[in-house]
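**Student:** Pasting in a structure now, in structure tokens, and then I'll have a few things to ask.
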Number of protein chains: 2
Amino acid sequence: MAAFALGWSDADGRPHNGDGGKGVRPTIAMLSAEAVGGTAESALPGAVAVELVHAFSLVHDDIIDHDERRRHREALWKAYGVGPALLAGDALLALAVSRLAGSPEAMTYLSAALIELVNGQTADMAFENRPWHGPNAVTIAEYTAMAAGKTGGLLGAAAAAGVCLGGAPELADRMWEMGLDLGVAFQIADDMLGIWGDPRITGKPVYSDLRRDKKTFPVLAALAGGHPAARELSTLLSAGVSDEDSLRHAARLVEQAGGRGIARAQADRRLAAALEVMDECLPGATDLRALCASLVNRVH
Amino acid sequence: MAAFALGWSDADGRPHNGDGGKGVRPTIAMLSAEAVGGTAESALPGAVAVELVHAFSLVHDDIIDHDERRRHREALWKAYGVGPALLAGDALLALAVSRLAGSPEAMTYLSAALIELVNGQTADMAFENRPWHGPNAVTIAEYTAMAAGKTGGLLGAAAAAGVCLGGAPELADRMWEMGLDLGVAFQIADDMLGIWGDPRITGKPVYSDLRRDKKTFPVLAALAGGHPAARELSTLLSAGVSDEDSLRHAARLVEQAGGRGIARAQADRRLAAALEVMDECLPGATDLRALCASLVNRVH
């Protein structure tokens, strides 16, 4: 089941050359180690740990969100059942922790990322039951804290573990902060792909976030602005959108109300903040810099 | 939700003075630290970590097993839903890991216990789909490996973390092994309570293991013996038992076929092995010794 989750085998255990994900987090860990003069190999335990934590979180997220598809295939719980998938997720996490158990500096960041991840996930889930307008509506600040936790913690842990294992633990706190900014930028880009991305490329069902009342950045930004389309959008979302036509219309309203532009600008601003830290701490890390920038300008 | 899982509050968040569990694992950690000359306080991070891992495993187990009751109350998933409970379990595990992130020696045992726990749980779950007789029947050796993992690993980690944090890491490997034996004894005692215990005291529905084809030690031992009652038991179990009368009859057959006596003897043998290691490594640890013995002779 772990091999299926990692894209290495199909549901019958036969080898599968599929989409195992982009490997962003382990690459960040290894490039960060190299950027401080270590070898890529020195960061391997950290690289493996962050990728396993990422796999764990996807497996559990799909159960929680009832998402049936992941990376152009069935989600793990859909292929094997909820109980086995839950336990396989736990196994991935247990293996992740075992990779860094003997490296307390790197472990501290992995552990912090786990707590951030769960907090972010909890907030994201709670947001689904919050209204689209009124005093209980989700604020941009709440969204940002959620995204920093859900997505930024593990990116920060990847970079922090990388510099720890590469021999420069004194840079780890800055790398962690860098990761939080990068995570917010990454999550906003992800939200945008969920509305305007090509589902054949992303592998996610189109408009699934809108369908389930996910409080994504472009929609929150659209509603927070004063554009007339915002009012129509608010009414539409509060009534609940489920058919294709309303979903398409809602996506258009988000764009008209400025949500797409504000999201793009905010993602760019957070990315710039992350790159500024990187330029200061790891001045020669051109590959790492390019990788981070590509995360915010991606199509899948 | 964590407070509910730990028995500190009810489902509405009001304080609750209920059954938060026996606290066996943290007590083992603290007594182990004292036994090597450390303070109970020195073992606190380990004590908290093993109790949180235990809480995590109960929360996820109840989801996997569809158990609706835990400690005389609703199971967490029953009170809050599967998704939130799954995530609350993850949070308990994340907090556990954070307690020991900076203590690599103790962390190594906690991490090993996590892997053992998941392996044991996986085996236990897989056993439910195996037949009661024939070449694919679960063997006593398979049961023992499952119980050592599912129950022994965390007891071993409690004792090993305790001696590490108390200042005697050189004893940790022996404590880990001691925990595996103790875990098998503990699990057999648990299996016996599931058949012959008083559900008003244990807080578990009576005969739930028999009802769901759990491969418990007393039943496996009964079936492995040559007593005539074993054949009737095998036929009854293979047909599936669900009504109260058949369940009661099955329990009587397990006892007639010798399952109760063999289970008692095997639990005593494993406990004796654990106590032998303890007497050798921690000769003055009378409280710890008494605690471990009490686990195998308990009524809840």
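In the structure tokens, chains take the letters A, B, ... in the order shown, each chain's residues start at 1, and ligands count up from 1 in the order shown.
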Compile the residues of chain A that lie within 6 Å of chain B, evaluated using only C-alpha atoms, and express the compilation as a PyMOL selection string.

**Tutor:** chain A and resi 64+83+91+94+98+101-102+104+107-108+111+114-115+118

**Student:** Just the number, please: distance in Å from CA of Lys78 (chain B) to CA of Glu244 (chain B), one decimal.

**Tutor:**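 For CA of Lys78 (chain B) relative to CA of Glu244 (chain B), the distance reads 23.9 Å.
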
**Student:** List the neighbours of region 250-258 of chain B out to 10 Å using only C-alpha atoms; skip same-chain residues closer than 5 positions along the sequence, and give me the result as an mmCIF file with C-alpha atoms, in the first residue's frame.

**Tutor:**
```
data_model
loop_
_atom_site.group_PDB
_atom_site.id
_atom_site.type_symbol
_atom_site.label_atom_id
_atom_site.label_comp_id
_atom_site.auth_asym_id
_atom_site.auth_seq_id
_atom_site.Cartn_x
_atom_site.Cartn_y
_atom_site.Cartn_z
ATOM 1 C CA ILE B 195 -13.980 -13.312 26.791
ATOM 2 C CA TRP B 196 -14.255 -13.780 30.560
ATOM 3 C CA TYR B 207 -17.499 -10.922 23.161
ATOM 4 C CA LEU B 210 -15.309 -13.289 19.037
ATOM 5 C CA PRO B 218 -7.258 -18.291 24.078
ATOM 6 C CA VAL B 219 -9.169 -19.271 20.941
ATOM 7 C CA LEU B 220 -6.036 -20.076 18.922
ATOM 8 C CA ALA B 221 -4.710 -22.144 21.829
ATOM 9 C CA ALA B 222 -8.042 -23.959 22.186
ATOM 10 C CA LEU B 223 -8.141 -24.802 18.476
ATOM 11 C CA ALA B 224 -4.504 -25.946 18.442
ATOM 12 C CA GLY B 225 -5.154 -28.549 21.174
ATOM 13 C CA GLY B 226 -6.598 -32.005 20.560
ATOM 14 C CA HIS B 227 -9.646 -31.724 22.838
ATOM 15 C CA PRO B 228 -12.998 -32.792 21.318
ATOM 16 C CA ALA B 229 -14.453 -29.369 22.176
ATOM 17 C CA ALA B 230 -11.908 -27.852 19.747
ATOM 18 C CA ARG B 231 -13.646 -29.427 16.761
ATOM 19 C CA GLU B 232 -17.071 -28.112 17.779
ATOM 20 C CA LEU B 233 -15.522 -24.688 18.415
ATOM 21 C CA SER B 234 -13.892 -24.673 14.992
ATOM 22 C CA LEU B 236 -19.051 -22.899 15.264
ATOM 23 C CA LEU B 237 -16.496 -20.143 14.573
ATOM 24 C CA VAL B 241 -21.068 -16.380 15.738
ATOM 25 C CA GLU B 244 -25.538 -13.960 22.461
ATOM 26 C CA ASP B 245 -26.247 -17.660 22.955
ATOM 27 C CA ALA B 263 -3.523 -18.640 27.880
#
```

**Student:** From a DSSP pass on the backbone, collect the residues of region 39-161 of chain A flagged as strand (DSSP E) and hand them back as a PyMOL selection string.

**Tutor:** chain A and resi 69-70+73-74

**Student:** Those same residues - C-alpha atoms - I'd like them written as a PDB file, in the first residue's frame.

**Tutor:**
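The resulting part.pdb:
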```pdb
ATOM      1  CA  ARG A  69      -8.751  10.503  -7.014  1.00  0.00           C
ATOM      2  CA  ARG A  70      -5.092  11.313  -6.481  1.00  0.00           C
ATOM      3  CA  ARG A  73      -5.409   7.113  -9.953  1.00  0.00           C
ATOM      4  CA  GLU A  74      -7.704   6.027  -7.164  1.00  0.00           C
TER       5      GLU A  74
END
```

**Student:** Excluding Ala290 (chain B) and its own-chain neighbours fewer than 6 positions away, which residues fall within 12 Å of it when counting only C-alpha atoms? Please give them as a list in words.

**Tutor:** Val24, Thr27, Ile28, Leu31, Leu271, Ala274, Leu275, Met278, Asp279, Gly284, Val296, Asn297 and Arg298 of chain B

**Student:** Can you write out the residues you just picked, keeping C-alpha atoms, as a PDB file, in the first residue's frame?

**Tutor:**
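Contents of the output file result-v5.pdb:
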```pdb
ATOM      1  CA  VAL B  24       0.571   2.209  32.682  1.00  0.00           C
ATOM      2  CA  THR B  27       4.324   5.037  35.045  1.00  0.00           C
ATOM      3  CA  ILE B  28       6.704   2.452  33.583  1.00  0.00           C
ATOM      4  CA  LEU B  31       9.670   4.122  37.538  1.00  0.00           C
ATOM      5  CA  LEU B 271       5.645 -12.242  32.460  1.00  0.00           C
ATOM      6  CA  ALA B 274      10.101 -10.012  31.568  1.00  0.00           C
ATOM      7  CA  LEU B 275      10.568 -10.012  35.332  1.00  0.00           C
ATOM      8  CA  MET B 278      14.041  -6.660  35.246  1.00  0.00           C
ATOM      9  CA  ASP B 279      15.501  -8.414  38.293  1.00  0.00           C
ATOM     10  CA  GLY B 284      15.791  -2.685  43.380  1.00  0.00           C
ATOM     11  CA  VAL B 296      -1.105  -9.615  33.671  1.00  0.00           C
ATOM     12  CA  ASN B 297      -3.397 -10.237  36.657  1.00  0.00           C
ATOM     13  CA  ARG B 298      -5.866  -7.431  36.161  1.00  0.00           C
TER      14      ARG B 298
END
```

**Student:** What's around Pro205 (chain B) at 9 Å? Count only C-alpha atoms, leave out sequence neighbours fewer than 3 positions away in its own chain, and write the answer as a PyMOL selection string.

**Tutor:** chain B and resi 69+194+199-200+202+208

**Student:** How many Å lie between CA of Ala147 (chain A) and CA of Met178 (chain A), rounded to one decimal?

**Tutor:**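 Value for the CA of Ala147 (chain A)-CA of Met178 (chain A) distance: 13.5 Å.
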
**Student:** For CA of Val36 (chain A) and CA of Ala267 (chain A), determine how far apart the two atoms are, in Å to one decimal place.

**Tutor:** 26.8 Å
